[in-house]
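Inspection log for the structure reproduced underneath, given as structure tokens.
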Amino acid sequence: MKNHYYLLLAGLFLTSAFALQAQDSRLFMPSEFRDAYDNGTRSYDGRPGKSYWQNTADYTMEITVDPETRLLEGTEEVVYHNNSPDELSSLVVRIYQDAFRKGNSRAYGVAPDDINDGTSITRLVINGETYDMGNRREVSRQATHLDINLKSPLKAGEKVTMNVDWSLTIPNTNIRMGVFDSTTFFVGYFYPQVAVYDDVFGWDRLSYTFRTEFYNNLGNFDVTIHAPESFTIWSTGVLQNAKEVYPANIYQRYEQAQASMETVHILTADELFTESGYQNLSGSWHYVAKDVSDFAFGISDHFGWDAAMQKVDGRQVLVSTAFPADKAERFVNVTAIAQKAMQHMSEDVPGIPYPYPRFTTFIGSDGGGMEFPMMANNAGPGRGVTIHELFHTYFPMYVRTNEKRFAWMDEGWADYITDWLTDRYFEKTDDPLYNNFSSGIRGNQGTYSDLPLIVSSQYTDDSNYGYSAYNLPAFIYGMLHQHLGDELFLKCYREYIRRWAQKSPTPYDFFFTFENVSGQDLAWLWKPWFFEFGSPDVAIESYSKGKLVIRNKGERPAPLTVKIVYNDGKENELVQSAAVWKSADTYSTTIADYKNVRELIVNEKIVDVNELDNYYPSLQEQYKQLTISEDILGAYAVNEFPVEVTIEQKEGILYMRISRINQTGYLIPESATQFRSLDGEAKLQFIQEDGTTVGLQMQSGGFRVTAKKL
């Protein structure tokens, strides 16, 4: 037995060594990442390494907001803990609002009046020593951060205390934060914040240009905000002085909401729009938030407030919505949507309990939404954006991914889980989720801007940031989900979240965790989709007497579907995961009742860079069977929207272009005047009068538009 035991140990050792070598060689790993794994801060099994560390920062702030001038003045004390093994000779501090500073780079346009001299810092003291903001040997101001040369190095295991006084003008430009109206502001990215120093890149000196978002330290916040008594403030954290702030009737409803599953209208137009006006008991709001990565707040003198309680893992979480009170009917369902989403996120997908005591949706954004710990700045009242921004609690708040470099590690998940929850728990549908994102990646696949996802998000721009951060990773997660199945996929995903909760994983930690938990080598998926250029492309190679052969001509594997349409109109579908291409570039199957087959469609709803070879009979053959009037060709002005639909002919096949939204695609004929898009989502009916085409009707999903021939 003892000899067998030693042999077993030796075998396990060799297997582990082989696995490490295999993981090294299967996926390219830049030197910054390899050093982290070699140093033991990260592990090839996907877990944090034995030597994993992360620095933290705790903030105590006193803030005053003057709504008339939009001036924000603050003083803060930051205690920064150096838990790294390194001695730090400098401190890097982010000054986000310097994105508005004259001469700084910006990814988006801003209101001309918002361009200024940036954040004003009037006092900077570190460990009791004053630093001269005008002395570049002490403080260097670059882009949106300060490089502070410490007078005494910060040794490993020690902490430093920084005191800062600063002021800024809340911008009219509402990009993630700013002015909603003359007395409503959402305030984020506003305080001097110590940048992340980590085991992979060291100090994070990437400038904030409005495009890429979060990568912050874990910390604690103790913040007091002063404003006129007519203003109400919603914030990250838990309000410590509610009884001293709210009038008695508002406080009573606030307490009621914390025990009610039904929405309570805490602050309404009846209180706000009176002749005497609304007044809180105090204008000083004290909020405390523990173990979070950032702090933000919303402020208004005419916003209503709905709230309710959601039970999460034995706790009671207060779910709130703040919104323009004069439009309350528009937002009446937002709190209930957030409650339901939080329940399913906690119990089903991802199945990890919501980790914080509060969540507030503040309806103040000009469009879309922006997440912060325990709250979001959203346009409203859309269900999708409500769910999406709530999910961001998990990524990048709870699992603190580096969104500045790998936006797909949180935005892709937010899109994917939003659609999963919407389809399964709100709409009760069960279509494959990768279908939801296929059309969104079709235009970029195989192009020069289709950069491998391992490339840092800082190198993307308007042509590919949204694609690479949102749709593409969501599509890949859908393929991974289909391959693993619900049970194993969720097992891997939940373990990934548990391992990296309140920590910062790299892409490799994600890859290795899924492989470790699933027990599978998934490099066949990771390598082509995350590390290489390429595109998915399959084709019908042959079809004879029921035997169908499909060839994979592309570099990136995608799921395989075969839609079979019979002469009597009945349909059947064969489905294979992307793993069908793991070890072969052809797939063969036999089609039942082949003599009655009218049509075969391969990958109808899955992105494919050359879709014309996915049909039997070929599209050219289908067109030859019909007599189609040439006056179908031309431009059509859509009545409902300022867009044009252009119908042209390519290789004997009708091709549609829709202006302004850059949507294009071939059309499949159903009759001489009826057509559908290749993915089956859009249907077109050309309208004829006296044998002449005068217009068209187009339906896609729940939308129907009409257009006049030009």
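In the structure tokens, each chain is lettered A, B, ... as it comes, each chain's residues begin at 1, and ligands are numbered from 1 in order of appearance.
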**Message:** When you look at stretch 362-376 of chain A with a cut-off of 6 Å (counting only C-alpha atoms), what residues show up, excluding the ones that are within fewer than 2 positions of it in the same chain? I need them as a count of residues only.
**Reply:** 13
**Request:** Determine which residues of stretch 292-391 of chain A receive a DSSP assignment of alpha helix (DSSP H), computed from the backbone, and state them as a list in words.
**Result:**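 So the alpha helix (DSSP H) residues in stretch 292-391 of chain A would be Val334, Thr335, Ala336, Ile337, Ala338, Gln339, Lys340, Ala341, Met342, Gln343, His344, Met345, Ser346, Glu347, Arg383, Gly384, Val385, Thr386, Ile387, His388, Glu389, Leu390 and Phe391 of chain A.
Among the candidates A:Ser677, A:Gln310, A:Gln520, A:Asn55, the one nearest to A:Glu611 when counting only C-alpha atoms is A:Ser677.
Look at stretch 346-352 of chain A: the protein and nucleic acid residues within 7 Å of it, using only C-alpha atoms and passing over chain neighbours fewer than 5 places away, are Val312, Leu490 and Arg494 of chain A.
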**Request:** From stretch 118-284 of chain A, collect each residue whose DSSP state is strand (DSSP E) and return the set as a VMD selection string.
**Result:** chain A and resid 120 to 126 129 to 130 139 to 142 145 to 154 159 to 169 178 to 181 184 to 187 193 to 194 197 to 198 202 to 203 219 to 226 232 to 235 238 to 239 264 to 267 284
**Item:** Nearest to A:Tyr623 by atom-to-atom distance, counting only C-alpha atoms, from A:Thr161, A:Gln649, A:Gln482, A:Ser51
**Value:**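 The answer is A:Gln649, which sits nearest to A:Tyr623.
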**Message:** Residues near A:Pro452, anyone? I mean within 8 Å using only C-alpha atoms, not counting same-chain ones fewer than 6 positions away, as a VMD selection string.
**Reply:** chain A and resid 529 to 533
Write the residues of the preceding selection, restricted to N, CA and C atoms, as a short mmCIF file (atom, residue, chain, number, x, y, z; two decimals), in the first residue's frame.
```cif
data_model
loop_
_atom_site.label_atom_id
_atom_site.label_comp_id
_atom_site.auth_asym_id
_atom_site.auth_seq_id
_atom_site.Cartn_x
_atom_site.Cartn_y
_atom_site.Cartn_z
N TRP A 529 -11.15 33.18 -29.67
CA TRP A 529 -12.07 34.29 -29.41
C TRP A 529 -11.44 35.40 -28.57
N PHE A 530 -10.42 35.11 -27.78
CA PHE A 530 -9.82 36.12 -26.91
C PHE A 530 -8.41 36.54 -27.34
N PHE A 531 -7.72 35.68 -28.09
CA PHE A 531 -6.31 35.94 -28.35
C PHE A 531 -5.97 36.12 -29.82
N GLU A 532 -6.86 35.80 -30.73
CA GLU A 532 -6.51 35.78 -32.15
C GLU A 532 -7.51 36.56 -32.99
N PHE A 533 -7.03 37.04 -34.14
CA PHE A 533 -7.92 37.58 -35.15
C PHE A 533 -8.63 36.41 -35.84
#
```
**Message:** For a test of reading the model, state the distance in Å between atom CA of A:Phe641 and atom CA of A:Gly466, rounded to one decimal.
**Reply:** 23.7 Å
**Prompt:** So how far away is atom CA of A:Pro357 from atom CA of A:Lys290, in Å?
**Reply:**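 Atom CA of A:Lys290 sits 10.1 Å away from atom CA of A:Pro357.
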Counting only C-alpha atoms, give me one row per residue of stretch 294-397 of chain A with an atom at most 10 Å from an atom of stretch 247-269 of chain A, showing the shortest contact pair and its distance in Å to one decimal, sorted by chain then residue number, as a tab-separated table.
```
residue	atom	partner	partner_atom	distance
A:His302	CA	A:Ala269	CA	7.9
A:Phe303	CA	A:Leu267	CA	7.9
A:Gly304	CA	A:Thr268	CA	5.0
A:Trp305	CA	A:Leu267	CA	4.8
A:Asp306	CA	A:His265	CA	4.6
A:Ala307	CA	A:Val264	CA	5.4
A:Ala308	CA	A:Ala257	CA	4.7
A:Met309	CA	A:Gln258	CA	5.0
A:Gln310	CA	A:Met261	CA	6.3
A:Lys311	CA	A:Met261	CA	8.4
A:Gln316	CA	A:Gln258	CA	7.2
A:Val317	CA	A:Gln258	CA	7.5
A:Leu318	CA	A:Gln258	CA	5.7
A:Val319	CA	A:Gln258	CA	8.6
A:Ser320	CA	A:Thr263	CA	9.0
A:Thr321	CA	A:His265	CA	9.7
A:Ala322	CA	A:Leu267	CA	9.1
A:Phe323	CA	A:Thr268	CA	9.9
A:Pro324	CA	A:Ala269	CA	9.0
A:Ala325	CA	A:Ala269	CA	5.4
A:Asp326	CA	A:Ala269	CA	6.5
A:Lys327	CA	A:Ala269	CA	9.3
A:Ala328	CA	A:Thr268	CA	8.2
A:Val332	CA	A:Thr263	CA	8.8
A:Asn333	CA	A:Thr263	CA	8.8
A:Val334	CA	A:Thr263	CA	9.8
A:Thr335	CA	A:Thr263	CA	6.9
A:Ala336	CA	A:Thr263	CA	7.1
A:Gln339	CA	A:Met261	CA	8.6
```
Given the selection you just returned, output its residues as a file containing C-alpha atoms, formatted as a compact mmCIF listing (two decimals), in the first residue's frame.
```
# COMPACT_ATOMS: atom_id res chain seq x y z
CA HIS A 302 -38.06 67.96 -6.55
CA PHE A 303 -37.37 64.23 -6.80
CA GLY A 304 -39.86 61.72 -5.47
CA TRP A 305 -38.82 58.57 -3.66
CA ASP A 306 -40.24 55.04 -3.78
CA ALA A 307 -38.79 52.18 -1.77
CA ALA A 308 -39.40 48.62 -0.63
CA MET A 309 -37.59 45.81 1.11
CA GLN A 310 -36.12 42.75 -0.59
CA LYS A 311 -35.16 39.70 1.46
CA GLN A 316 -33.45 42.99 4.45
CA VAL A 317 -32.13 45.17 1.62
CA LEU A 318 -33.74 48.55 1.01
CA VAL A 319 -34.43 49.02 -2.72
CA SER A 320 -35.13 52.65 -3.68
CA THR A 321 -35.97 54.71 -6.75
CA ALA A 322 -35.50 58.50 -6.89
CA PHE A 323 -37.15 60.28 -9.83
CA PRO A 324 -38.77 63.54 -11.01
CA ALA A 325 -41.88 63.71 -8.83
CA ASP A 326 -43.97 65.45 -11.50
CA LYS A 327 -43.55 62.38 -13.71
CA ALA A 328 -44.07 59.76 -11.01
CA VAL A 332 -44.00 53.52 -10.68
CA ASN A 333 -42.67 50.04 -11.60
CA VAL A 334 -38.91 50.64 -11.33
CA THR A 335 -38.62 49.63 -7.66
CA ALA A 336 -40.52 46.38 -8.25
CA GLN A 339 -36.63 43.95 -6.38
```
**Using only C-alpha atoms: which of A:Arg101, A:Lys428, A:Arg704, A:Arg141 has the shortest distance to A:Leu168** = A:Arg101
**Message:** Residues near A:Tyr416, anyone? I mean within 8 Å using only C-alpha atoms, not counting same-chain ones fewer than 5 positions away, as a list of chain:residue names.
**Reply:** A:Leu433, A:Ala474, A:Phe475, A:Tyr477, A:Gly478
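Shortest separation to A:Ala635 among A:Glu648, A:Glu541, A:Asp38, A:Glu621 occurs at residue A:Glu648, atoms counted being only C-alpha atoms.
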**Item:** Length of the atom CA of A:Ser671 to atom CA of A:Gln699 vector [Å]
**Value:** 16.2 Å
**Prompt:** Pick from A:Ala539, A:Ile95, A:Leu484, A:Ala289: nearest to A:Val517, with only C-alpha atoms counted?
**Reply:**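 Ranking A:Ala539, A:Ile95, A:Leu484, A:Ala289 by distance to A:Val517, first place goes to A:Leu484.
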May I have the residues within 10 Å of A:Gly554 as a short mmCIF file (atom, residue, chain, number, x, y, z; two decimals) with C-alpha atoms, in the first residue's frame, using only C-alpha atoms and disregarding those fewer than 5 positions away in the same chain?
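Below is the file that was written, result10.cif:
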```cif
data_model
loop_
_atom_site.label_atom_id
_atom_site.label_comp_id
_atom_site.auth_asym_id
_atom_site.auth_seq_id
_atom_site.Cartn_x
_atom_site.Cartn_y
_atom_site.Cartn_z
CA GLY A 446 -13.36 39.73 -39.24
CA GLY A 534 -10.52 35.64 -37.09
CA SER A 535 -14.21 35.13 -37.72
CA PRO A 536 -16.84 32.37 -37.75
CA ASP A 537 -17.70 30.96 -41.18
CA VAL A 538 -19.46 27.68 -41.94
CA ALA A 539 -20.83 26.45 -45.25
CA ASP A 585 -13.58 21.05 -39.44
CA ASP A 608 -21.33 34.08 -40.06
CA VAL A 609 -19.10 36.22 -42.27
CA ASN A 610 -20.30 34.54 -45.48
#
```
**Item:** Spatial neighbours of A:Gln674, 9 Å, only C-alpha atoms, chain gap at least 6 places, as an MDAnalysis selection string
**Value:** chainID A and resid 668 683:686
**Message:** Could you check the closest approach to A:Tyr287 for each of A:Gln193, A:Thr646, A:Gln97, A:Thr60 and tell me which residue wins, using only C-alpha atoms?
**Reply:** A:Thr60
Given only C-alpha atoms, how would the per-residue table for stretch 154-234 of chain A near stretch 109-129 of chain A read, listing every residue at most 10 Å away with its closest atom pair and distance in Å to one decimal, sorted by chain and number, as JSON lines?
```
{"residue": "A:Lys159", "atom": "CA", "partner": "A:Asn127", "partner_atom": "CA", "distance": 9.5}
{"residue": "A:Val160", "atom": "CA", "partner": "A:Asn127", "partner_atom": "CA", "distance": 6.2}
{"residue": "A:Thr161", "atom": "CA", "partner": "A:Asn127", "partner_atom": "CA", "distance": 5.2}
{"residue": "A:Met162", "atom": "CA", "partner": "A:Ile126", "partner_atom": "CA", "distance": 4.4}
{"residue": "A:Asn163", "atom": "CA", "partner": "A:Val125", "partner_atom": "CA", "distance": 5.0}
{"residue": "A:Val164", "atom": "CA", "partner": "A:Leu124", "partner_atom": "CA", "distance": 4.8}
{"residue": "A:Asp165", "atom": "CA", "partner": "A:Arg123", "partner_atom": "CA", "distance": 5.0}
{"residue": "A:Trp166", "atom": "CA", "partner": "A:Ile121", "partner_atom": "CA", "distance": 4.3}
{"residue": "A:Ser167", "atom": "CA", "partner": "A:Ser120", "partner_atom": "CA", "distance": 5.2}
{"residue": "A:Leu168", "atom": "CA", "partner": "A:Thr119", "partner_atom": "CA", "distance": 5.1}
{"residue": "A:Thr169", "atom": "CA", "partner": "A:Thr119", "partner_atom": "CA", "distance": 8.1}
{"residue": "A:Ile170", "atom": "CA", "partner": "A:Asp114", "partner_atom": "CA", "distance": 8.6}
{"residue": "A:Pro171", "atom": "CA", "partner": "A:Asp114", "partner_atom": "CA", "distance": 5.7}
{"residue": "A:Asn172", "atom": "CA", "partner": "A:Asp114", "partner_atom": "CA", "distance": 6.6}
{"residue": "A:Thr173", "atom": "CA", "partner": "A:Ala111", "partner_atom": "CA", "distance": 5.8}
{"residue": "A:Asn174", "atom": "CA", "partner": "A:Val110", "partner_atom": "CA", "distance": 8.7}
{"residue": "A:Ile175", "atom": "CA", "partner": "A:Val110", "partner_atom": "CA", "distance": 8.7}
{"residue": "A:Phe190", "atom": "CA", "partner": "A:Thr119", "partner_atom": "CA", "distance": 8.8}
{"residue": "A:Tyr191", "atom": "CA", "partner": "A:Thr119", "partner_atom": "CA", "distance": 9.1}
{"residue": "A:Pro192", "atom": "CA", "partner": "A:Thr119", "partner_atom": "CA", "distance": 9.0}
{"residue": "A:Phe210", "atom": "CA", "partner": "A:Gly109", "partner_atom": "CA", "distance": 9.7}
```
